[in-house]
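Asker: Here you go, this is model_22.pdb (PDB, C-alpha atoms and all ligand atoms).
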ATOM      1  CA  MET A  49      -3.792  44.132  -3.259  1.00  0.00           C
ATOM      2  CA  SER A  50      -2.303  41.234  -1.273  1.00  0.00           C
ATOM      3  CA  SER A  51       1.099  40.178  -2.509  1.00  0.00           C
ATOM      4  CA  SER A  52       1.491  37.192  -0.207  1.00  0.00           C
ATOM      5  CA  ARG A  53       1.654  33.729  -1.754  1.00  0.00           C
ATOM      6  CA  ARG A  54       1.222  30.235  -0.318  1.00  0.00           C
ATOM      7  CA  LEU A  55       4.594  28.558  -0.730  1.00  0.00           C
ATOM      8  CA  PHE A  56       6.505  25.379   0.008  1.00  0.00           C
ATOM      9  CA  PHE A  57       9.864  23.796  -0.839  1.00  0.00           C
ATOM     10  CA  ALA A  58       9.652  20.316  -2.326  1.00  0.00           C
ATOM     11  CA  LEU A  59      11.329  17.628  -4.372  1.00  0.00           C
ATOM     12  CA  THR A  60       9.831  17.141  -7.829  1.00  0.00           C
ATOM     13  CA  LEU A  61       9.075  13.641  -9.063  1.00  0.00           C
ATOM     14  CA  PRO A  62      10.482  12.848 -12.515  1.00  0.00           C
ATOM     15  CA  ASP A  63       7.667  12.740 -15.130  1.00  0.00           C
ATOM     16  CA  ALA A  64       8.192   9.038 -15.859  1.00  0.00           C
ATOM     17  CA  LEU A  65       7.889   8.195 -12.165  1.00  0.00           C
ATOM     18  CA  GLN A  66       4.729  10.312 -11.854  1.00  0.00           C
ATOM     19  CA  GLN A  67       3.180   8.218 -14.602  1.00  0.00           C
ATOM     20  CA  GLN A  68       4.303   4.909 -13.053  1.00  0.00           C
ATOM     21  CA  VAL A  69       2.896   5.951  -9.686  1.00  0.00           C
ATOM     22  CA  ILE A  70      -0.500   6.956 -11.031  1.00  0.00           C
ATOM     23  CA  ARG A  71      -0.819   3.754 -13.093  1.00  0.00           C
ATOM     24  CA  TRP A  72       0.007   1.671 -10.001  1.00  0.00           C
ATOM     25  CA  ARG A  73      -2.320   3.792  -7.823  1.00  0.00           C
ATOM     26  CA  ALA A  74      -5.271   3.154 -10.141  1.00  0.00           C
ATOM     27  CA  GLU A  75      -4.806  -0.590  -9.573  1.00  0.00           C
ATOM     28  CA  ALA A  76      -3.905  -0.433  -5.889  1.00  0.00           C
ATOM     29  CA  PHE A  77      -6.819   1.642  -4.525  1.00  0.00           C
ATOM     30  CA  THR A  78     -10.549   1.611  -5.079  1.00  0.00           C
ATOM     31  CA  PRO A  79     -12.223   4.902  -6.084  1.00  0.00           C
ATOM     32  CA  GLU A  80     -13.860   5.049  -2.627  1.00  0.00           C
ATOM     33  CA  ALA A  81     -10.457   5.150  -0.897  1.00  0.00           C
ATOM     34  CA  GLY A  82      -9.951   8.860  -1.565  1.00  0.00           C
ATOM     35  CA  ARG A  83      -9.479  11.602  -4.134  1.00  0.00           C
ATOM     36  CA  PRO A  84      -6.380  10.990  -6.282  1.00  0.00           C
ATOM     37  CA  VAL A  85      -3.845  13.806  -6.424  1.00  0.00           C
ATOM     38  CA  ALA A  86      -3.228  14.879 -10.047  1.00  0.00           C
ATOM     39  CA  ALA A  87      -0.026  13.433 -11.546  1.00  0.00           C
ATOM     40  CA  ALA A  88       1.514  16.881 -12.011  1.00  0.00           C
ATOM     41  CA  ASN A  89       0.864  17.679  -8.343  1.00  0.00           C
ATOM     42  CA  LEU A  90       2.797  14.691  -6.956  1.00  0.00           C
ATOM     43  CA  HIS A  91       5.746  16.024  -4.953  1.00  0.00           C
ATOM     44  CA  LEU A  92       7.610  15.512  -1.694  1.00  0.00           C
ATOM     45  CA  THR A  93       7.431  18.524   0.600  1.00  0.00           C
ATOM     46  CA  LEU A  94      10.622  19.502   2.422  1.00  0.00           C
ATOM     47  CA  ALA A  95       9.330  22.621   4.169  1.00  0.00           C
ATOM     48  CA  PHE A  96       5.882  24.202   4.177  1.00  0.00           C
ATOM     49  CA  LEU A  97       6.044  27.992   4.432  1.00  0.00           C
ATOM     50  CA  GLY A  98       2.380  29.067   4.472  1.00  0.00           C
ATOM     51  CA  ASP A  99       1.374  32.534   3.253  1.00  0.00           C
ATOM     52  CA  VAL A 100       4.527  34.491   2.629  1.00  0.00           C
ATOM     53  CA  SER A 101       4.937  38.202   1.828  1.00  0.00           C
ATOM     54  CA  ALA A 102       6.900  39.251  -1.260  1.00  0.00           C
ATOM     55  CA  GLN A 103       9.678  40.590   0.962  1.00  0.00           C
ATOM     56  CA  LYS A 104       9.962  37.355   2.927  1.00  0.00           C
ATOM     57  CA  GLU A 105       9.822  35.341  -0.300  1.00  0.00           C
ATOM     58  CA  THR A 106      12.806  37.266  -1.661  1.00  0.00           C
ATOM     59  CA  ALA A 107      14.758  36.645   1.549  1.00  0.00           C
ATOM     60  CA  LEU A 108      13.906  32.917   1.557  1.00  0.00           C
ATOM     61  CA  LYS A 109      14.940  32.547  -2.089  1.00  0.00           C
ATOM     62  CA  LYS A 110      18.273  34.207  -1.318  1.00  0.00           C
ATOM     63  CA  LEU A 111      18.869  31.790   1.573  1.00  0.00           C
ATOM     64  CA  ALA A 112      17.858  28.806  -0.571  1.00  0.00           C
ATOM     65  CA  GLY A 113      20.332  29.879  -3.241  1.00  0.00           C
ATOM     66  CA  ARG A 114      23.185  29.682  -0.728  1.00  0.00           C
ATOM     67  CA  ILE A 115      22.481  26.065   0.233  1.00  0.00           C
ATOM     68  CA  ILE A 116      25.227  23.639  -0.684  1.00  0.00           C
ATOM     69  CA  GLN A 117      23.992  20.105  -0.067  1.00  0.00           C
ATOM     70  CA  PRO A 118      24.640  16.805  -1.805  1.00  0.00           C
ATOM     71  CA  GLY A 119      21.974  15.129  -3.913  1.00  0.00           C
ATOM     72  CA  PHE A 120      20.604  11.792  -2.752  1.00  0.00           C
ATOM     73  CA  SER A 121      18.541   8.805  -3.824  1.00  0.00           C
ATOM     74  CA  MET A 122      15.171   8.181  -2.273  1.00  0.00           C
ATOM     75  CA  ILE A 123      13.680   4.692  -2.218  1.00  0.00           C
ATOM     76  CA  LEU A 124       9.884   4.819  -2.206  1.00  0.00           C
ATOM     77  CA  ASP A 125       9.175   1.598  -0.332  1.00  0.00           C
ATOM     78  CA  ASP A 126       6.654   2.637   2.314  1.00  0.00           C
ATOM     79  CA  LEU A 127       2.929   3.356   2.269  1.00  0.00           C
ATOM     80  CA  GLY A 128       0.555   4.616   4.877  1.00  0.00           C
ATOM     81  CA  HIS A 129      -2.756   6.230   5.743  1.00  0.00           C
ATOM     82  CA  TRP A 130      -3.252   9.175   8.076  1.00  0.00           C
ATOM     83  CA  PRO A 131      -7.014   9.175   8.701  1.00  0.00           C
ATOM     84  CA  ARG A 132      -7.174  12.560  10.450  1.00  0.00           C
ATOM     85  CA  PRO A 133      -5.854  14.691   7.580  1.00  0.00           C
ATOM     86  CA  GLY A 134      -7.328  12.051   5.235  1.00  0.00           C
ATOM     87  CA  VAL A 135      -4.080  11.357   3.423  1.00  0.00           C
ATOM     88  CA  VAL A 136      -2.775   8.168   1.826  1.00  0.00           C
ATOM     89  CA  TRP A 137       0.939   8.542   1.202  1.00  0.00           C
ATOM     90  CA  LEU A 138       3.986   6.996  -0.402  1.00  0.00           C
ATOM     91  CA  GLY A 139       7.216   7.303   1.570  1.00  0.00           C
ATOM     92  CA  THR A 140      10.447   5.693   2.542  1.00  0.00           C
ATOM     93  CA  ARG A 141      11.452   3.339   5.346  1.00  0.00           C
ATOM     94  CA  ARG A 142      14.924   4.897   5.571  1.00  0.00           C
ATOM     95  CA  ALA A 143      15.019   8.601   4.852  1.00  0.00           C
ATOM     96  CA  PRO A 144      18.426   9.421   3.343  1.00  0.00           C
ATOM     97  CA  ARG A 145      20.584  11.665   5.484  1.00  0.00           C
ATOM     98  CA  GLY A 146      20.743  14.218   2.649  1.00  0.00           C
ATOM     99  CA  ALA A 147      16.950  14.573   2.621  1.00  0.00           C
ATOM    100  CA  LEU A 148      16.793  15.013   6.389  1.00  0.00           C
ATOM    101  CA  GLN A 149      19.589  17.614   6.334  1.00  0.00           C
ATOM    102  CA  LEU A 150      18.026  19.561   3.472  1.00  0.00           C
ATOM    103  CA  ALA A 151      14.593  19.594   5.109  1.00  0.00           C
ATOM    104  CA  GLU A 152      16.095  20.613   8.450  1.00  0.00           C
ATOM    105  CA  LEU A 153      17.999  23.475   6.840  1.00  0.00           C
ATOM    106  CA  LEU A 154      14.989  24.768   4.899  1.00  0.00           C
ATOM    107  CA  ARG A 155      12.763  24.466   7.956  1.00  0.00           C
ATOM    108  CA  SER A 156      15.167  26.305  10.228  1.00  0.00           C
ATOM    109  CA  GLN A 157      15.632  29.073   7.643  1.00  0.00           C
ATOM    110  CA  ALA A 158      11.840  29.306   7.342  1.00  0.00           C
ATOM    111  CA  ALA A 159      11.389  29.437  11.125  1.00  0.00           C
ATOM    112  CA  ARG A 160      14.044  32.150  11.474  1.00  0.00           C
ATOM    113  CA  SER A 161      12.265  34.109   8.728  1.00  0.00           C
ATOM    114  CA  GLY A 162       9.027  33.955  10.711  1.00  0.00           C
ATOM    115  CA  CYS A 163       7.228  31.086   8.925  1.00  0.00           C
ATOM    116  CA  TYR A 164       5.517  28.847  11.465  1.00  0.00           C
ATOM    117  CA  GLN A 165       6.974  25.331  11.426  1.00  0.00           C
ATOM    118  CA  SER A 166       5.037  22.372  12.773  1.00  0.00           C
ATOM    119  CA  PRO A 167       6.654  20.715  15.817  1.00  0.00           C
ATOM    120  CA  MET A 168       5.789  17.331  14.251  1.00  0.00           C
ATOM    121  CA  PRO A 169       8.887  15.451  13.080  1.00  0.00           C
ATOM    122  CA  PHE A 170       9.613  15.573   9.352  1.00  0.00           C
ATOM    123  CA  HIS A 171       8.084  12.529   7.687  1.00  0.00           C
ATOM    124  CA  PRO A 172       9.032  12.602   4.012  1.00  0.00           C
ATOM    125  CA  HIS A 173       6.013  11.581   1.951  1.00  0.00           C
ATOM    126  CA  ILE A 174       4.217  12.015  -1.338  1.00  0.00           C
ATOM    127  CA  THR A 175       0.487  12.436  -0.917  1.00  0.00           C
ATOM    128  CA  LEU A 176      -1.340  10.032  -3.247  1.00  0.00           C
ATOM    129  CA  LEU A 177      -4.961  10.402  -2.109  1.00  0.00           C
ATOM    130  CA  ARG A 178      -6.802  13.114  -0.208  1.00  0.00           C
ATOM    131  CA  SER A 179     -10.185  13.053   1.591  1.00  0.00           C
ATOM    132  CA  ALA A 180      -9.265   9.530   2.720  1.00  0.00           C
ATOM    133  CA  THR A 181     -10.940   9.773   6.112  1.00  0.00           C
ATOM    134  CA  GLN A 182     -12.516   6.294   6.126  1.00  0.00           C
ATOM    135  CA  PRO A 183     -10.496   3.104   6.685  1.00  0.00           C
ATOM    136  CA  VAL A 184      -8.420   2.316   3.579  1.00  0.00           C
ATOM    137  CA  ALA A 185      -6.988  -1.038   2.531  1.00  0.00           C
ATOM    138  CA  VAL A 186      -3.358  -0.047   2.045  1.00  0.00           C
ATOM    139  CA  PRO A 187      -1.364  -2.523  -0.078  1.00  0.00           C
ATOM    140  CA  PRO A 188       1.355  -4.329   1.906  1.00  0.00           C
ATOM    141  CA  ALA A 189       4.141  -3.209  -0.422  1.00  0.00           C
ATOM    142  CA  THR A 190       5.013  -0.763  -3.186  1.00  0.00           C
ATOM    143  CA  PRO A 191       6.854  -1.666  -6.372  1.00  0.00           C
ATOM    144  CA  GLY A 192       9.866  -0.042  -4.639  1.00  0.00           C
ATOM    145  CA  TRP A 193      10.673   2.879  -6.914  1.00  0.00           C
ATOM    146  CA  THR A 194      13.858   4.909  -6.511  1.00  0.00           C
ATOM    147  CA  PHE A 195      14.350   8.461  -7.614  1.00  0.00           C
ATOM    148  CA  SER A 196      17.346  10.663  -7.657  1.00  0.00           C
ATOM    149  CA  ALA A 197      16.973  14.098  -6.055  1.00  0.00           C
ATOM    150  CA  ASP A 198      19.366  16.471  -7.793  1.00  0.00           C
ATOM    151  CA  SER A 199      17.494  19.711  -7.128  1.00  0.00           C
ATOM    152  CA  PHE A 200      14.813  21.246  -4.923  1.00  0.00           C
ATOM    153  CA  THR A 201      12.058  23.633  -5.938  1.00  0.00           C
ATOM    154  CA  LEU A 202      10.041  26.461  -4.453  1.00  0.00           C
ATOM    155  CA  TYR A 203       6.350  25.976  -5.336  1.00  0.00           C
ATOM    156  CA  GLN A 204       3.344  28.233  -5.106  1.00  0.00           C
ATOM    157  CA  SER A 205       0.070  26.560  -4.216  1.00  0.00           C
ATOM    158  CA  VAL A 206      -2.788  28.158  -6.154  1.00  0.00           C
ATOM    159  CA  PHE A 207      -6.465  27.342  -5.829  1.00  0.00           C
ATOM    160  CA  GLU A 208      -8.206  28.223  -9.098  1.00  0.00           C
ATOM    161  CA  ASN A 209     -11.346  26.954 -10.826  1.00  0.00           C
ATOM    162  CA  GLY A 210     -12.007  24.604  -7.929  1.00  0.00           C
ATOM    163  CA  ARG A 211      -8.595  22.919  -8.236  1.00  0.00           C
ATOM    164  CA  THR A 212      -5.282  23.210  -6.440  1.00  0.00           C
ATOM    165  CA  ARG A 213      -2.247  23.584  -8.662  1.00  0.00           C
ATOM    166  CA  TYR A 214       1.383  23.789  -7.683  1.00  0.00           C
ATOM    167  CA  HIS A 215       3.419  26.207  -9.788  1.00  0.00           C
ATOM    168  CA  PRO A 216       7.209  25.857  -9.683  1.00  0.00           C
ATOM    169  CA  LEU A 217       8.728  29.299  -9.031  1.00  0.00           C
ATOM    170  CA  GLU A 218      12.440  28.583  -8.753  1.00  0.00           C
ATOM    171  CA  GLN A 219      14.702  25.556  -8.610  1.00  0.00           C
ATOM    172  CA  TRP A 220      18.167  25.099  -7.077  1.00  0.00           C
ATOM    173  CA  PRO A 221      20.616  22.279  -7.798  1.00  0.00           C
ATOM    174  CA  LEU A 222      21.935  19.833  -5.233  1.00  0.00           C
ATOM    175  CA  ALA A 223      25.593  18.873  -5.541  1.00  0.00           C
ATOM    176  CA  HIS A 224      26.490  15.921  -7.734  1.00  0.00           C
ATOM    177  CA  GLN A 225      26.272  12.553  -5.940  1.00  0.00           C
ATOM    178  CA  ASP A 226      29.240  10.204  -6.004  1.00  0.00           C
ATOM    179  CA  THR A 227      28.316   6.981  -7.765  1.00  0.00           C
ATOM    180  CA  PRO A 228      29.083   3.957  -5.567  1.00  0.00           C
TER     181      PRO A 228
HETATM  182  P1  LIG O   1       0.318  16.995   2.614  1.00  0.00           P
HETATM  183  O1  LIG O   1       0.475  16.522   1.201  1.00  0.00           O
HETATM  184  O2  LIG O   1       0.700  15.968   3.634  1.00  0.00           O
HETATM  185  O3  LIG O   1      -1.042  17.586   2.859  1.00  0.00           O
HETATM  186  C1  LIG O   1       1.270  21.738  -0.300  1.00  0.00           C
HETATM  187  O4  LIG O   1       0.072  21.898   0.363  1.00  0.00           O
HETATM  188  C2  LIG O   1       2.180  20.824   0.465  1.00  0.00           C
HETATM  189  O5  LIG O   1       2.455  21.356   1.761  1.00  0.00           O
HETATM  190  C3  LIG O   1       1.639  19.429   0.690  1.00  0.00           C
HETATM  191  O6  LIG O   1       2.690  18.519   0.520  1.00  0.00           O
HETATM  192  C4  LIG O   1       1.176  19.428   2.123  1.00  0.00           C
HETATM  193  O7  LIG O   1       1.358  18.205   2.788  1.00  0.00           O
HETATM  194  C5  LIG O   1       2.102  20.424   2.753  1.00  0.00           C
HETATM  195  N1  LIG O   1       1.425  21.143   3.821  1.00  0.00           N
HETATM  196  C6  LIG O   1       0.263  21.792   3.747  1.00  0.00           C
HETATM  197  N2  LIG O   1      -0.036  22.356   4.936  1.00  0.00           N
HETATM  198  C7  LIG O   1       0.969  22.034   5.775  1.00  0.00           C
HETATM  199  C8  LIG O   1       1.248  22.322   7.135  1.00  0.00           C
HETATM  200  N3  LIG O   1       0.441  23.077   7.873  1.00  0.00           N
HETATM  201  N4  LIG O   1       2.378  21.818   7.666  1.00  0.00           N
HETATM  202  C9  LIG O   1       3.206  21.059   6.930  1.00  0.00           C
HETATM  203  N5  LIG O   1       3.003  20.759   5.631  1.00  0.00           N
HETATM  204  C10 LIG O   1       1.896  21.251   5.063  1.00  0.00           C
END
Please go through the file and, once you have read it, give me the structure as structure tokens.
Ligand code: 2AM
Answerer:
Amino acid sequence: MSSSRRLFFALTLPDALQQQVIRWRAEAFTPEAGRPVAAANLHLTLAFLGDVSAQKETALKKLAGRIIQPGFSMILDDLGHWPRPGVVWLGTRRAPRGALQLAELLRSQAARSGCYQSPMPFHPHITLLRSATQPVAVPPATPGWTFSADSFTLYQSVFENGRTRYHPLEQWPLAHQDTP
């Protein structure tokens, strides 16, 4: 029996924002543009871990639990299309320092634990459409949503009944943000 699981650390989108994004997406893209990601699967990956053994998972959870990082606000004001992976994404023009630090920490912990980390720079994004390999008319602007990241979550990616689902396994808080 294999006990390894496909895991990643991510920020969860608040339910209300998930709904706003999918309503906007239905207006902003034609059905031919790509396959919409299910509302419950919308997330922002901080570190992708790949297939992880139970032992490594325990070690990574312990490390995650020791992280002390401030929360941050993320403005979702950027959109793009990566034709090669076939992804249309929602992102930010200015990644907050807290997001970059958190991703860097999780990625370096993952690398030290033996999880391969892509040499590509971290580009925070929420995948909106998949299988978008043909040219896509990307709207010039987003409504400019903001969400507050006050925790991060370890997810398991499961492929069942022909669908990918992301199951939250454990969540850790980020420190309270000072209000300006
Ligand atoms: P994507 O949305 O840009 O495809 C679960 O699959 C999450 O991990 C998704 O956010 C996905 O990013 C990301 N992911 C999958 N494979 C990855 C890889 N090899 N390197 C980095 N991120 C990956």
Asker: Can you pull out every residue within 10 Å of Pro133 (chain A), counting all atoms listed in the file, but drop anything in the same chain fewer than 3 positions away, and send it as number ranges by chain?
Answerer: A: 129-130, 136, 178-181
Asker: Evaluate the PyMOL selection byres (((chain A and resi 116) around 8) and not hetatm) against this structure - the residues, as a VMD selection string, please.
Answerer: chain A and resid 114 to 115 117 to 118 222 to 223
Asker: Collect all residues with atoms no farther than 7 Å from ligand LIG 1 (chain O), counting all atoms listed in the file, and output them as a list in words.
Answerer: Phe56, His91, Leu92, Thr93, Ala95, Phe96, Val135, Gln165, Ser166, Ile174, Thr175 and Ser205 of chain A
Asker: Write the residues you've just listed into a file as an mmCIF file, in the frame of the given file, and include C-alpha atoms for each of them.
Answerer:
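Heads up, here's the output in part.cif:
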data_model
loop_
_atom_site.group_PDB
_atom_site.id
_atom_site.type_symbol
_atom_site.label_atom_id
_atom_site.label_comp_id
_atom_site.auth_asym_id
_atom_site.auth_seq_id
_atom_site.Cartn_x
_atom_site.Cartn_y
_atom_site.Cartn_z
ATOM 1 C CA PHE A 56 6.505 25.379 0.008
ATOM 2 C CA HIS A 91 5.746 16.024 -4.953
ATOM 3 C CA LEU A 92 7.610 15.512 -1.694
ATOM 4 C CA THR A 93 7.431 18.524 0.600
ATOM 5 C CA ALA A 95 9.330 22.621 4.169
ATOM 6 C CA PHE A 96 5.882 24.202 4.177
ATOM 7 C CA VAL A 135 -4.080 11.357 3.423
ATOM 8 C CA GLN A 165 6.974 25.331 11.426
ATOM 9 C CA SER A 166 5.037 22.372 12.773
ATOM 10 C CA ILE A 174 4.217 12.015 -1.338
ATOM 11 C CA THR A 175 0.487 12.436 -0.917
ATOM 12 C CA SER A 205 0.070 26.560 -4.216
#
Asker: Find the residue from A:Leu108, A:Leu202, A:Ala185, A:Ala147 that sits nearest to Leu217 (chain A); use all atoms listed in the file when measuring.
Answerer: A:Leu202
Asker: So, counting all atoms listed in the file, which residue among A:Ser121, A:Gln149, A:Ser52, A:Thr190 is closest to Gln68 (chain A)?
Answerer: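 Nearest to Gln68 (chain A): A:Thr190.
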Asker: Evaluate the PyMOL selection byres (((chain A and resi 78) around 12) and not hetatm) and record the selected residues as a list in words, following the chain and residue labels used in the document.
Answerer: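 Written out, the selection comes to Trp72, Arg73, Ala74, Glu75, Ala76, Phe77, Pro79, Glu80, Ala81, Gly82, Arg83, Pro84, Leu177, Ala180, Pro183, Val184, Ala185, Val186 and Pro187 of chain A.
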Asker: Evaluating the PyMOL selection byres (((chain A and resi 99-102) around 8) and not hetatm) on the displayed file yields which residues, as a list of chain:residue names?
Answerer: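 On the file shown, the PyMOL selection byres (((chain A and resi 99-102) around 8) and not hetatm) covers A:Ser51, A:Ser52, A:Arg53, A:Arg54, A:Leu55, A:Leu97, A:Gly98, A:Gln103, A:Lys104, A:Glu105, A:Thr106, A:Cys163.
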Asker: So that I can check the surroundings of Leu124 (chain A), please list as a ChimeraX atom specification every protein, DNA and RNA residue that reaches within 12 Å of it, counting all atoms listed in the file and ignoring chain neighbours fewer than 5 positions away.
Answerer: /A:61,65,69,92,137-144,172-174,189-196
Asker: Take CA of Ala158 (chain A) and CA of Gly210 (chain A) and report the distance between them in Å, one decimal.
Answerer: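 Spanning CA of Ala158 (chain A) to CA of Gly210 (chain A) is a straight-line distance of 28.7 Å.
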Asker: Just give me the gap between CA of Gly146 (chain A) and CA of Pro131 (chain A) in Å, one decimal is fine.
Answerer: 28.9 Å
